[in-house]
Structures are given as structure tokens and as C-alpha cells.
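Novice: Sharing start-v2.cif below, mmCIF, C-alpha atoms:
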```
data_query
loop_
_atom_site.group_PDB
_atom_site.id
_atom_site.type_symbol
_atom_site.label_atom_id
_atom_site.label_comp_id
_atom_site.auth_asym_id
_atom_site.auth_seq_id
_atom_site.Cartn_x
_atom_site.Cartn_y
_atom_site.Cartn_z
ATOM 1 C CA MET A 23 -10.706 -8.919 -18.193
ATOM 2 C CA SER A 24 -10.620 -5.719 -16.224
ATOM 3 C CA GLY A 25 -12.781 -4.202 -13.515
ATOM 4 C CA LYS A 26 -13.179 -1.643 -10.826
ATOM 5 C CA GLY A 27 -13.315 -1.414 -7.070
ATOM 6 C CA GLU A 28 -14.878 1.110 -4.741
ATOM 7 C CA LEU A 29 -12.711 2.801 -2.135
ATOM 8 C CA ARG A 30 -14.238 4.429 0.918
ATOM 9 C CA PHE A 31 -12.284 7.212 2.509
ATOM 10 C CA ILE A 32 -11.700 6.417 6.181
ATOM 11 C CA GLY A 33 -9.992 9.619 7.239
ATOM 12 C CA LEU A 34 -8.153 12.735 6.237
ATOM 13 C CA VAL A 35 -4.669 14.246 6.505
ATOM 14 C CA GLU A 36 -5.565 17.236 8.685
ATOM 15 C CA SER A 37 -2.142 18.829 8.784
ATOM 16 C CA SER A 38 1.153 18.022 7.162
ATOM 17 C CA GLY A 39 4.725 18.766 8.201
ATOM 18 C CA ASP A 40 7.521 17.136 10.171
ATOM 19 C CA LEU A 41 4.683 15.843 12.317
ATOM 20 C CA SER A 42 1.370 15.238 10.562
ATOM 21 C CA ARG A 43 -2.101 14.762 11.986
ATOM 22 C CA VAL A 44 -4.249 12.065 10.438
ATOM 23 C CA LYS A 45 -7.881 12.109 11.469
ATOM 24 C CA ILE A 46 -9.808 8.861 11.250
ATOM 25 C CA PHE A 47 -13.548 9.353 10.846
ATOM 26 C CA PRO A 48 -15.585 8.297 13.917
ATOM 27 C CA GLU A 49 -17.280 5.383 12.146
ATOM 28 C CA PHE A 50 -13.871 3.729 11.538
ATOM 29 C CA CYS A 51 -12.198 4.638 14.837
ATOM 30 C CA ALA A 52 -12.758 1.218 16.428
ATOM 31 C CA GLY A 53 -10.346 -0.153 13.830
ATOM 32 C CA LEU A 54 -7.474 1.588 15.629
ATOM 33 C CA GLN A 55 -7.653 -0.640 18.708
ATOM 34 C CA GLY A 56 -4.180 -1.964 19.546
ATOM 35 C CA LEU A 57 -2.429 0.147 16.925
ATOM 36 C CA SER A 58 -0.344 1.987 19.518
ATOM 37 C CA ASN A 59 1.616 -1.237 20.121
ATOM 38 C CA PHE A 60 3.326 -0.645 16.784
ATOM 39 C CA SER A 61 6.046 1.985 16.445
ATOM 40 C CA HIS A 62 5.572 2.303 12.687
ATOM 41 C CA ILE A 63 2.644 2.037 10.297
ATOM 42 C CA THR A 64 2.051 2.163 6.563
ATOM 43 C CA ILE A 65 -0.483 4.760 5.519
ATOM 44 C CA LEU A 66 -2.298 4.399 2.221
ATOM 45 C CA TYR A 67 -3.853 7.606 0.982
ATOM 46 C CA TRP A 68 -5.397 9.110 -2.111
ATOM 47 C CA PHE A 69 -3.559 11.625 -4.304
ATOM 48 C CA HIS A 70 -6.825 13.549 -4.613
ATOM 49 C CA LEU A 71 -5.347 16.336 -6.758
ATOM 50 C CA ARG A 72 -4.299 13.734 -9.353
ATOM 51 C CA ASP A 73 -7.667 12.007 -9.514
ATOM 52 C CA ASN A 74 -8.517 13.051 -13.052
ATOM 53 C CA GLU A 75 -8.334 11.359 -16.437
ATOM 54 C CA LYS A 76 -5.166 13.090 -17.611
ATOM 55 C CA GLU A 77 -3.119 12.094 -14.571
ATOM 56 C CA ARG A 78 -4.651 8.637 -14.403
ATOM 57 C CA ARG A 79 -3.648 7.948 -18.001
ATOM 58 C CA THR A 80 0.003 8.641 -17.194
ATOM 59 C CA LEU A 81 2.173 5.541 -17.681
ATOM 60 C CA ARG A 82 5.665 7.046 -17.966
ATOM 61 C CA VAL A 83 7.294 9.825 -15.971
ATOM 62 C CA VAL A 84 10.623 11.506 -15.428
ATOM 63 C CA PRO A 85 10.964 11.721 -11.617
ATOM 64 C CA ARG A 86 11.768 15.430 -11.448
ATOM 65 C CA LYS A 87 12.760 15.567 -7.815
ATOM 66 C CA HIS A 88 15.471 12.979 -8.410
ATOM 67 C CA PRO A 89 18.407 14.512 -10.300
ATOM 68 C CA GLY A 90 19.614 12.265 -13.079
ATOM 69 C CA ALA A 91 16.557 10.049 -13.139
ATOM 70 C CA PRO A 92 15.686 8.656 -16.576
ATOM 71 C CA GLN A 93 12.181 8.257 -17.916
ATOM 72 C CA VAL A 94 10.608 5.277 -16.164
ATOM 73 C CA GLY A 95 7.238 3.593 -16.015
ATOM 74 C CA VAL A 96 4.948 4.792 -13.241
ATOM 75 C CA TYR A 97 5.233 1.374 -11.576
ATOM 76 C CA ALA A 98 8.998 1.898 -11.301
ATOM 77 C CA SER A 99 8.367 5.251 -9.599
ATOM 78 C CA ARG A 100 6.425 6.716 -6.712
ATOM 79 C CA SER A 101 4.840 9.330 -8.944
ATOM 80 C CA PRO A 102 1.399 10.542 -7.809
ATOM 81 C CA SER A 103 0.330 10.521 -11.463
ATOM 82 C CA ARG A 104 -0.654 6.908 -12.114
ATOM 83 C CA PRO A 105 -3.745 4.871 -13.036
ATOM 84 C CA ASN A 106 -4.759 4.529 -9.380
ATOM 85 C CA PRO A 107 -3.633 7.617 -7.453
ATOM 86 C CA LEU A 108 -2.699 5.668 -4.337
ATOM 87 C CA GLY A 109 0.047 6.921 -2.055
ATOM 88 C CA LEU A 110 1.968 4.660 0.301
ATOM 89 C CA CYS A 111 4.129 5.973 3.105
ATOM 90 C CA VAL A 112 5.854 4.267 6.032
ATOM 91 C CA VAL A 113 5.731 6.579 9.052
ATOM 92 C CA GLU A 114 6.551 6.573 12.725
ATOM 93 C CA LEU A 115 3.476 6.588 14.944
ATOM 94 C CA MET A 116 4.121 9.145 17.661
ATOM 95 C CA ARG A 117 0.790 9.037 19.466
ATOM 96 C CA ILE A 118 -2.938 8.510 19.083
ATOM 97 C CA GLN A 119 -5.321 11.116 20.500
ATOM 98 C CA ASP A 120 -8.921 9.943 20.321
ATOM 99 C CA CYS A 121 -9.325 9.178 16.600
ATOM 100 C CA THR A 122 -6.353 11.219 15.405
ATOM 101 C CA LEU A 123 -2.909 9.821 14.704
ATOM 102 C CA VAL A 124 0.174 11.976 15.059
ATOM 103 C CA VAL A 125 2.848 10.596 12.743
ATOM 104 C CA LYS A 126 6.342 11.510 11.610
ATOM 105 C CA GLY A 127 7.468 11.404 7.996
ATOM 106 C CA LEU A 128 4.169 11.438 6.126
ATOM 107 C CA ASP A 129 4.678 12.650 2.577
ATOM 108 C CA ALA A 130 1.039 13.567 1.885
ATOM 109 C CA LEU A 131 -0.600 16.887 1.191
ATOM 110 C CA GLU A 132 -3.006 18.376 3.683
ATOM 111 C CA GLY A 133 -6.516 17.331 2.746
ATOM 112 C CA SER A 134 -5.532 13.964 1.291
ATOM 113 C CA PRO A 135 -8.143 11.281 1.968
ATOM 114 C CA VAL A 136 -6.861 8.266 3.906
ATOM 115 C CA ILE A 137 -7.726 4.808 2.625
ATOM 116 C CA ASP A 138 -6.075 2.239 4.844
ATOM 117 C CA ILE A 139 -3.549 1.748 7.620
ATOM 118 C CA LYS A 140 -1.362 -1.330 8.010
ATOM 119 C CA PRO A 141 0.822 -2.127 11.001
ATOM 120 C CA TYR A 142 4.501 -2.212 9.996
ATOM 121 C CA ILE A 143 5.911 -5.668 10.649
ATOM 122 C CA PRO A 144 9.646 -5.871 9.888
ATOM 123 C CA ARG A 145 9.743 -9.570 9.095
ATOM 124 C CA ALA A 146 7.194 -8.953 6.333
ATOM 125 C CA ASP A 147 7.921 -5.376 5.313
ATOM 126 C CA SER A 148 11.615 -4.658 5.848
ATOM 127 C CA VAL A 149 14.160 -5.525 3.142
ATOM 128 C CA SER A 150 17.171 -3.470 4.083
ATOM 129 C CA ASN A 151 19.391 -4.722 1.268
ATOM 130 C CA ALA A 152 16.951 -4.408 -1.642
ATOM 131 C CA ARG A 153 18.636 -3.408 -4.900
ATOM 132 C CA VAL A 154 17.591 -0.079 -6.421
ATOM 133 C CA PRO A 155 18.780 2.025 -9.350
ATOM 134 C CA GLU A 156 21.174 4.804 -8.496
ATOM 135 C CA TRP A 157 18.729 7.681 -9.113
ATOM 136 C CA THR A 158 16.585 6.681 -6.147
ATOM 137 C CA LEU A 159 19.462 7.368 -3.754
ATOM 138 C CA HIS A 160 19.215 11.137 -4.184
ATOM 139 C CA GLY A 161 16.421 13.610 -3.550
ATOM 140 C CA PRO A 162 13.350 12.949 -1.433
ATOM 141 C CA LEU A 163 12.711 9.484 -0.049
ATOM 142 C CA THR A 164 10.011 8.696 -2.555
ATOM 143 C CA MET B 16 -16.762 14.624 5.459
ATOM 144 C CA SER B 17 -16.339 11.301 3.751
ATOM 145 C CA GLY B 18 -16.141 10.190 0.161
ATOM 146 C CA LYS B 19 -15.228 7.526 -2.301
ATOM 147 C CA GLY B 20 -12.619 6.770 -4.904
ATOM 148 C CA GLU B 21 -12.662 4.590 -7.974
ATOM 149 C CA LEU B 22 -10.030 1.900 -8.366
ATOM 150 C CA ARG B 23 -9.205 0.424 -11.741
ATOM 151 C CA PHE B 24 -7.806 -3.056 -11.784
ATOM 152 C CA ILE B 25 -4.489 -3.072 -13.655
ATOM 153 C CA GLY B 26 -3.752 -6.773 -13.575
ATOM 154 C CA LEU B 27 -4.431 -10.138 -12.044
ATOM 155 C CA VAL B 28 -2.670 -12.732 -9.902
ATOM 156 C CA GLU B 29 -2.580 -15.552 -12.442
ATOM 157 C CA SER B 30 -0.995 -18.179 -10.233
ATOM 158 C CA SER B 31 0.024 -18.255 -6.626
ATOM 159 C CA GLY B 32 2.652 -20.290 -4.796
ATOM 160 C CA ASP B 33 6.283 -20.001 -3.794
ATOM 161 C CA LEU B 34 6.614 -18.174 -7.093
ATOM 162 C CA SER B 35 3.577 -16.254 -8.287
ATOM 163 C CA ARG B 36 2.707 -14.881 -11.696
ATOM 164 C CA VAL B 37 1.191 -11.432 -11.850
ATOM 165 C CA LYS B 38 -0.217 -10.431 -15.227
ATOM 166 C CA ILE B 39 -0.437 -6.741 -15.978
ATOM 167 C CA PHE B 40 -3.118 -5.905 -18.543
ATOM 168 C CA PRO B 41 -1.720 -4.716 -21.909
ATOM 169 C CA GLU B 42 -3.062 -1.169 -21.537
ATOM 170 C CA PHE B 43 -0.949 -0.665 -18.392
ATOM 171 C CA CYS B 44 2.165 -2.566 -19.462
ATOM 172 C CA ALA B 45 4.142 0.560 -20.415
ATOM 173 C CA GLY B 46 4.108 1.454 -16.719
ATOM 174 C CA LEU B 47 6.548 -1.398 -16.056
ATOM 175 C CA GLN B 48 9.447 0.274 -17.875
ATOM 176 C CA GLY B 49 12.562 0.215 -15.667
ATOM 177 C CA LEU B 50 10.972 -1.916 -12.972
ATOM 178 C CA SER B 51 13.515 -4.710 -13.434
ATOM 179 C CA ASN B 52 16.175 -2.446 -11.906
ATOM 180 C CA PHE B 53 14.532 -3.050 -8.538
ATOM 181 C CA SER B 54 15.026 -6.345 -6.703
ATOM 182 C CA HIS B 55 11.869 -5.905 -4.627
ATOM 183 C CA ILE B 56 8.466 -4.341 -5.165
ATOM 184 C CA THR B 57 5.334 -3.698 -3.145
ATOM 185 C CA ILE B 58 2.213 -5.115 -4.735
ATOM 186 C CA LEU B 59 -1.179 -3.683 -3.822
ATOM 187 C CA TYR B 60 -4.058 -5.959 -4.647
ATOM 188 C CA TRP B 61 -7.749 -6.394 -3.954
ATOM 189 C CA PHE B 62 -9.108 -9.003 -1.542
ATOM 190 C CA HIS B 63 -11.891 -9.674 -4.028
ATOM 191 C CA LEU B 64 -13.519 -12.430 -1.963
ATOM 192 C CA ARG B 65 -13.954 -9.951 0.916
ATOM 193 C CA ASP B 66 -15.496 -7.223 -1.195
ATOM 194 C CA ASN B 67 -18.941 -7.375 0.368
ATOM 195 C CA GLU B 68 -20.764 -5.343 2.995
ATOM 196 C CA LYS B 69 -20.331 -7.813 5.832
ATOM 197 C CA GLU B 70 -16.548 -8.027 5.485
ATOM 198 C CA ARG B 71 -16.201 -4.313 4.781
ATOM 199 C CA ARG B 72 -18.026 -3.471 8.006
ATOM 200 C CA THR B 73 -15.496 -5.440 10.044
ATOM 201 C CA LEU B 74 -13.542 -3.198 12.428
ATOM 202 C CA ARG B 75 -12.190 -5.694 14.962
ATOM 203 C CA VAL B 76 -10.669 -9.126 14.405
ATOM 204 C CA VAL B 77 -8.853 -11.885 16.240
ATOM 205 C CA PRO B 78 -5.908 -12.765 13.940
ATOM 206 C CA ARG B 79 -6.538 -16.512 13.860
ATOM 207 C CA LYS B 80 -3.320 -17.526 12.178
ATOM 208 C CA HIS B 81 -1.297 -15.913 14.950
ATOM 209 C CA PRO B 82 -1.475 -18.027 18.127
ATOM 210 C CA GLY B 83 -2.054 -15.903 21.192
ATOM 211 C CA ALA B 84 -3.179 -12.818 19.315
ATOM 212 C CA PRO B 85 -5.750 -10.718 21.157
ATOM 213 C CA GLN B 86 -8.691 -8.969 19.524
ATOM 214 C CA VAL B 87 -7.355 -5.940 17.666
ATOM 215 C CA GLY B 88 -8.682 -3.282 15.352
ATOM 216 C CA VAL B 89 -8.392 -4.086 11.649
ATOM 217 C CA TYR B 90 -5.868 -1.252 11.286
ATOM 218 C CA ALA B 91 -3.619 -3.020 13.797
ATOM 219 C CA SER B 92 -3.847 -6.188 11.702
ATOM 220 C CA ARG B 93 -3.350 -7.360 8.148
ATOM 221 C CA SER B 94 -6.794 -8.943 8.046
ATOM 222 C CA PRO B 95 -8.387 -9.104 4.585
ATOM 223 C CA SER B 96 -11.705 -8.169 6.208
ATOM 224 C CA ARG B 97 -11.572 -4.380 6.458
ATOM 225 C CA PRO B 98 -13.415 -1.322 5.101
ATOM 226 C CA ASN B 99 -11.202 -1.224 2.000
ATOM 227 C CA PRO B 100 -10.151 -4.774 1.086
ATOM 228 C CA LEU B 101 -6.654 -3.747 0.021
ATOM 229 C CA GLY B 102 -3.765 -6.155 0.341
ATOM 230 C CA LEU B 103 -0.143 -5.039 0.546
ATOM 231 C CA CYS B 104 2.773 -7.408 0.069
ATOM 232 C CA VAL B 105 6.505 -6.822 -0.328
ATOM 233 C CA VAL B 106 7.894 -9.397 -2.759
ATOM 234 C CA GLU B 107 11.073 -10.230 -4.587
ATOM 235 C CA LEU B 108 10.884 -9.559 -8.308
ATOM 236 C CA MET B 109 12.425 -12.580 -10.019
ATOM 237 C CA ARG B 110 11.801 -11.636 -13.646
ATOM 238 C CA ILE B 111 9.500 -9.868 -16.063
ATOM 239 C CA GLN B 112 8.275 -11.726 -19.152
ATOM 240 C CA ASP B 113 6.387 -9.432 -21.482
ATOM 241 C CA CYS B 114 3.666 -8.013 -19.217
ATOM 242 C CA THR B 115 3.880 -10.710 -16.555
ATOM 243 C CA LEU B 116 5.861 -10.432 -13.346
ATOM 244 C CA VAL B 117 7.239 -13.512 -11.629
ATOM 245 C CA VAL B 118 7.571 -12.755 -7.931
ATOM 246 C CA LYS B 119 8.502 -14.587 -4.756
ATOM 247 C CA GLY B 120 6.549 -14.304 -1.517
ATOM 248 C CA LEU B 121 3.209 -12.964 -2.715
ATOM 249 C CA ASP B 122 0.491 -13.732 -0.178
ATOM 250 C CA ALA B 123 -2.459 -13.265 -2.539
ATOM 251 C CA LEU B 124 -5.034 -15.718 -3.796
ATOM 252 C CA GLU B 125 -5.122 -16.701 -7.441
ATOM 253 C CA GLY B 126 -7.541 -14.416 -9.239
ATOM 254 C CA SER B 127 -6.922 -11.385 -7.041
ATOM 255 C CA PRO B 128 -7.086 -8.125 -8.997
ATOM 256 C CA VAL B 129 -3.909 -6.036 -8.883
ATOM 257 C CA ILE B 130 -4.223 -2.333 -8.155
ATOM 258 C CA ASP B 131 -0.773 -0.826 -8.001
ATOM 259 C CA ILE B 132 2.926 -1.614 -7.912
ATOM 260 C CA LYS B 133 5.529 0.468 -6.085
ATOM 261 C CA PRO B 134 9.285 0.031 -6.333
ATOM 262 C CA TYR B 135 10.744 -0.934 -2.952
ATOM 263 C CA ILE B 136 13.209 1.714 -1.818
ATOM 264 C CA PRO B 137 14.936 0.792 1.461
ATOM 265 C CA ARG B 138 15.612 4.328 2.622
ATOM 266 C CA ALA B 139 11.864 5.013 2.472
ATOM 267 C CA ASP B 140 10.373 1.598 3.142
ATOM 268 C CA SER B 141 12.712 -0.366 5.387
ATOM 269 C CA VAL B 142 12.525 0.020 9.177
ATOM 270 C CA SER B 143 14.320 -3.035 10.468
ATOM 271 C CA ASN B 144 13.965 -2.175 14.153
ATOM 272 C CA ALA B 145 10.288 -1.219 14.226
ATOM 273 C CA ARG B 146 8.559 -2.209 17.461
ATOM 274 C CA VAL B 147 5.716 -4.720 17.184
ATOM 275 C CA PRO B 148 3.562 -6.649 19.663
ATOM 276 C CA GLU B 149 4.687 -10.159 20.453
ATOM 277 C CA TRP B 150 1.846 -11.943 18.618
ATOM 278 C CA THR B 151 3.091 -10.745 15.238
ATOM 279 C CA LEU B 152 6.329 -12.698 15.668
ATOM 280 C CA HIS B 153 4.621 -16.066 15.194
ATOM 281 C CA GLY B 154 2.613 -17.549 12.348
ATOM 282 C CA PRO B 155 2.592 -16.248 8.795
ATOM 283 C CA LEU B 156 4.375 -13.025 7.944
ATOM 284 C CA THR B 157 1.187 -10.984 7.734
#
```
Could I get this file's structure written as C-alpha cells?

Specialist:
Amino acid sequence: MSGKGELRFIGLVESSGDLSRVKIFPEFCAGLQGLSNFSHITILYWFHLRDNEKERRTLRVVPRKHPGAPQVGVYASRSPSRPNPLGLCVVELMRIQDCTLVVKGLDALEGSPVIDIKPYIPRADSVSNARVPEWTLHGPLT
Amino acid sequence: MSGKGELRFIGLVESSGDLSRVKIFPEFCAGLQGLSNFSHITILYWFHLRDNEKERRTLRVVPRKHPGAPQVGVYASRSPSRPNPLGLCVVELMRIQDCTLVVKGLDALEGSPVIDIKPYIPRADSVSNARVPEWTLHGPLT
């Protein structure tokens, strides 16, 4: 068995930097109600530049930004080259202006489509003592 | 601007409970290399029973499992009814047998398609002191 699903883009990374602006399209803006009560959110976005057959057939990578990393499977990495080019980033929500979120720490290129937003709930999402291999301790966060 | 993306299902939640079995389809199994070096992973899956127009048009919900929760936007909730029926769950990886993961704490129905797996990296993913509204402190984790 296999299958497919259809994703609808709900917004766009308008600008990227220390602070990033994430615009949510007007038709989805009502979904933001109450979001400002959370200090952190998880943003799911689309690695649009990797949405092609070559990148989506990638199953093994050497994480180049992490010195000393061995070859690993894409599911043991945060590589943007993977069968579903989905990015996941936990960010601090600084403010919401109309339908635009201003967030800190978003590792997404300008122009990336946004797919979903989840409120960050520590009792579900935070595992401070999770075990990781040594190569993940150096280089960028993901 | 808006747009769409195509998701390919990479596996299936075979059984669900305190321990859950997640089968990765053979063509994606090479992507698991090195995953067992992580104690925790984030599983992204598809709320397949909510993949219809009515549920995907939902923008506001009252989180019923959380006593006292007010009406909130879907992006301030973990509701399975949302424009993209994507589920996100941080779980403990107990073991990998061939192409099947045995995990603890997966809040996904049996039969849910699996979309992606990310290694859990505390310095990127763990925010133990994130601020949340009071209603999220009761009821199920998400």
C-alpha cells in the first residue's frame, strides 16, 4: 500500500533573518485566534526549492553543515532533500500583526510556503534529555 | 498567491497503543539508517479520517478533550480538523525491527499514513519553559 495527500499552502515566509515574517493568507487567518497566548510555535513549511524528483528520491545524506557527521538516512537528519520536502522549526512567537507572524529562529528561506502551525506545548513537545549522536551537537541547530 | 504540494505516504501506523508499530514502506527504508542513535523522534502523519472538505475548512474549534478550553483557531490547537490534516507527535523510539519502528507515546490512529520522521534534537526542539494558556495543562498531551 502507498498513497498520496494534497497539501494546501496556507501562507508564505515573507522575510527571513534573526526575525522572520510569516504571512498567513487571508482565507486562513481566522485559524490564528488565540495563538498569541503561546510563546513558542512549531512551523511546518515546504522546502520548495527541493520539490523535484531528484531531491525527493534522496534517502541518504552526509549532513555537510555538521563537521564529522557520517552518512545517515534522511529520517535521521533534518536534510531538506527527502521524499516529502517538509521543514519543521520551533520558533519564538514575538508578535502577530493582522495575519502576519513575527517569529525568532525560523530556519526557512524567504519564499517558502507555509503548511501548518502548531502551538508548542512543553508537556507534549519538550524532551530536554533526549539522546542524540555527537555530530548533532555542532553546527547549526538542525 | 497560494498553491499546493504533493505528499507521498512513506509508511503506516500498523498498531496503536502504549507502544505503537510504525511500518516504513520498503522503498523508503534506507532513510532510517542511523536513526537508532536517537532516543526520540518526531513523527508526522496524516489524519486520514479528516481528509475531506468539511474538516479541511475548519478554522476554529473548541478543544473538547481539554476541560475549560475556549474556542480557538486551529493553529492555536492540535485539532485534527484543519486545512492540512497533518499530525505531529514526539515519541520515544524503543527499537527498529527491519523497516518497522516501535515507539512509545504515539497519538495516532491505527491506519494513519506516515509522512515524515525527524530526529529529535533538544537544542533545536526542546523549549521546556515555553508559555502556554492554562487549558493546555489538563487533558491529553495534545

Novice: Quick one: superpose chain B onto chain A using all C-alpha atoms paired in order, least squares, and give it to me as a short mmCIF file (atom, residue, chain, number, x, y, z; two decimals) with C-alpha atoms, keeping the file's coordinate frame.

Specialist:
```cif
data_model
loop_
_atom_site.label_atom_id
_atom_site.label_comp_id
_atom_site.auth_asym_id
_atom_site.auth_seq_id
_atom_site.Cartn_x
_atom_site.Cartn_y
_atom_site.Cartn_z
CA MET B 16 -10.72 -8.94 -18.16
CA SER B 17 -10.63 -5.72 -16.22
CA GLY B 18 -12.79 -4.20 -13.53
CA LYS B 19 -13.19 -1.65 -10.83
CA GLY B 20 -13.31 -1.41 -7.08
CA GLU B 21 -14.87 1.11 -4.75
CA LEU B 22 -12.72 2.81 -2.15
CA ARG B 23 -14.23 4.42 0.91
CA PHE B 24 -12.28 7.21 2.50
CA ILE B 25 -11.69 6.42 6.18
CA GLY B 26 -9.98 9.61 7.23
CA LEU B 27 -8.15 12.74 6.23
CA VAL B 28 -4.67 14.25 6.51
CA GLU B 29 -5.56 17.24 8.68
CA SER B 30 -2.13 18.83 8.79
CA SER B 31 1.15 18.01 7.17
CA GLY B 32 4.72 18.76 8.20
CA ASP B 33 7.51 17.15 10.17
CA LEU B 34 4.68 15.84 12.31
CA SER B 35 1.37 15.23 10.57
CA ARG B 36 -2.10 14.76 11.98
CA VAL B 37 -4.25 12.06 10.44
CA LYS B 38 -7.90 12.11 11.48
CA ILE B 39 -9.79 8.86 11.25
CA PHE B 40 -13.54 9.35 10.84
CA PRO B 41 -15.58 8.30 13.91
CA GLU B 42 -17.27 5.38 12.14
CA PHE B 43 -13.87 3.73 11.54
CA CYS B 44 -12.19 4.64 14.83
CA ALA B 45 -12.75 1.22 16.44
CA GLY B 46 -10.35 -0.16 13.83
CA LEU B 47 -7.48 1.59 15.63
CA GLN B 48 -7.65 -0.65 18.71
CA GLY B 49 -4.16 -1.95 19.55
CA LEU B 50 -2.42 0.15 16.92
CA SER B 51 -0.33 1.98 19.53
CA ASN B 52 1.62 -1.24 20.13
CA PHE B 53 3.32 -0.64 16.79
CA SER B 54 6.05 1.98 16.44
CA HIS B 55 5.57 2.30 12.68
CA ILE B 56 2.64 2.04 10.30
CA THR B 57 2.06 2.17 6.56
CA ILE B 58 -0.49 4.76 5.53
CA LEU B 59 -2.30 4.40 2.22
CA TYR B 60 -3.86 7.60 0.99
CA TRP B 61 -5.39 9.11 -2.12
CA PHE B 62 -3.56 11.62 -4.31
CA HIS B 63 -6.82 13.54 -4.62
CA LEU B 64 -5.35 16.33 -6.76
CA ARG B 65 -4.31 13.73 -9.36
CA ASP B 66 -7.67 12.02 -9.51
CA ASN B 67 -8.51 13.06 -13.06
CA GLU B 68 -8.33 11.36 -16.44
CA LYS B 69 -5.17 13.09 -17.62
CA GLU B 70 -3.12 12.10 -14.57
CA ARG B 71 -4.65 8.63 -14.42
CA ARG B 72 -3.64 7.95 -18.02
CA THR B 73 0.01 8.64 -17.20
CA LEU B 74 2.18 5.55 -17.68
CA ARG B 75 5.67 7.04 -17.98
CA VAL B 76 7.29 9.83 -15.97
CA VAL B 77 10.62 11.52 -15.42
CA PRO B 78 10.96 11.72 -11.60
CA ARG B 79 11.76 15.43 -11.44
CA LYS B 80 12.77 15.57 -7.81
CA HIS B 81 15.47 12.98 -8.40
CA PRO B 82 18.40 14.53 -10.31
CA GLY B 83 19.61 12.27 -13.08
CA ALA B 84 16.55 10.05 -13.14
CA PRO B 85 15.69 8.66 -16.56
CA GLN B 86 12.17 8.25 -17.92
CA VAL B 87 10.60 5.27 -16.17
CA GLY B 88 7.24 3.58 -16.02
CA VAL B 89 4.95 4.80 -13.24
CA TYR B 90 5.24 1.38 -11.58
CA ALA B 91 9.00 1.91 -11.31
CA SER B 92 8.37 5.25 -9.61
CA ARG B 93 6.43 6.72 -6.72
CA SER B 94 4.84 9.35 -8.95
CA PRO B 95 1.41 10.55 -7.81
CA SER B 96 0.33 10.52 -11.47
CA ARG B 97 -0.66 6.91 -12.11
CA PRO B 98 -3.75 4.87 -13.04
CA ASN B 99 -4.76 4.53 -9.38
CA PRO B 100 -3.64 7.63 -7.46
CA LEU B 101 -2.69 5.68 -4.34
CA GLY B 102 0.05 6.92 -2.06
CA LEU B 103 1.98 4.66 0.30
CA CYS B 104 4.13 5.98 3.12
CA VAL B 105 5.85 4.26 6.04
CA VAL B 106 5.74 6.58 9.06
CA GLU B 107 6.55 6.58 12.73
CA LEU B 108 3.48 6.59 14.94
CA MET B 109 4.13 9.16 17.67
CA ARG B 110 0.78 9.03 19.46
CA ILE B 111 -2.95 8.51 19.09
CA GLN B 112 -5.33 11.12 20.51
CA ASP B 113 -8.92 9.95 20.31
CA CYS B 114 -9.33 9.18 16.60
CA THR B 115 -6.36 11.22 15.41
CA LEU B 116 -2.91 9.82 14.71
CA VAL B 117 0.18 11.98 15.06
CA VAL B 118 2.85 10.60 12.75
CA LYS B 119 6.34 11.52 11.61
CA GLY B 120 7.47 11.40 8.00
CA LEU B 121 4.17 11.44 6.13
CA ASP B 122 4.68 12.66 2.57
CA ALA B 123 1.04 13.56 1.89
CA LEU B 124 -0.60 16.88 1.19
CA GLU B 125 -3.01 18.38 3.68
CA GLY B 126 -6.51 17.32 2.74
CA SER B 127 -5.53 13.96 1.29
CA PRO B 128 -8.14 11.27 1.96
CA VAL B 129 -6.86 8.26 3.91
CA ILE B 130 -7.73 4.81 2.63
CA ASP B 131 -6.07 2.24 4.84
CA ILE B 132 -3.56 1.74 7.62
CA LYS B 133 -1.36 -1.33 8.01
CA PRO B 134 0.83 -2.12 11.01
CA TYR B 135 4.49 -2.22 9.99
CA ILE B 136 5.92 -5.67 10.66
CA PRO B 137 9.65 -5.88 9.90
CA ARG B 138 9.74 -9.57 9.10
CA ALA B 139 7.19 -8.95 6.33
CA ASP B 140 7.92 -5.38 5.31
CA SER B 141 11.61 -4.67 5.85
CA VAL B 142 14.16 -5.54 3.15
CA SER B 143 17.18 -3.48 4.09
CA ASN B 144 19.39 -4.73 1.26
CA ALA B 145 16.96 -4.42 -1.64
CA ARG B 146 18.64 -3.42 -4.89
CA VAL B 147 17.58 -0.10 -6.42
CA PRO B 148 18.76 2.03 -9.35
CA GLU B 149 21.17 4.81 -8.51
CA TRP B 150 18.72 7.69 -9.11
CA THR B 151 16.58 6.68 -6.15
CA LEU B 152 19.45 7.36 -3.75
CA HIS B 153 19.20 11.14 -4.18
CA GLY B 154 16.41 13.61 -3.56
CA PRO B 155 13.35 12.95 -1.43
CA LEU B 156 12.72 9.49 -0.04
CA THR B 157 10.01 8.67 -2.56
#
```

Novice: Rank B:Leu103, B:Cys114, B:Val147, B:Met109 by their smallest atom-to-atom distance to Phe62 of chain B, using only C-alpha atoms, and report the top residue only.

Specialist: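 Closest candidate: B:Leu103.
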
Novice: Give as a VMD selection string every residue of chain A that touches chain B within 8 Å, counting only C-alpha atoms.

Specialist: chain A and resid 24 to 33 47 50 52 to 57 59 to 62 81 to 82 94 to 100 105 to 106 108 111 to 112 137 to 155 158 163 to 164

Novice: Can you tell me how far atom CA of Lys80 of chain B sits from atom CA of Trp150 of chain B, in Å to one decimal?

Specialist: 10.0 Å

Novice: Separation of atom CA of Asp113 of chain B and atom CA of Val84 of chain A, in Å?

Specialist: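 Taking atom CA of Asp113 of chain B and atom CA of Val84 of chain A, their separation equals 22.2 Å.
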
Novice: Around all the atoms of segment 55-60 of chain A listed in the file, draw an axis-aligned box and extend it by 8 Å on each of the six sides; I want its centre and edge lengths in Å to one decimal, as AutoDock Vina command-line options.

Specialist:
```
--center_x -2.2 --center_y 0.0 --center_z 18.5 --size_x 27.0 --size_y 20.0 --size_z 19.3
```

Novice: Just give me the gap between atom CA of Lys76 of chain A and atom CA of Gly133 of chain A in Å, one decimal is fine.

Specialist: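 Computed distance, atom CA of Lys76 of chain A to atom CA of Gly133 of chain A, equals 20.8 Å.
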
Novice: Using only C-alpha atoms, which of A:Pro48, A:Pro102, A:Pro85, A:Gly90 sits nearest Ser134 of chain A?

Specialist: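 Among the listed residues, the smallest separation from Ser134 of chain A belongs to A:Pro102.
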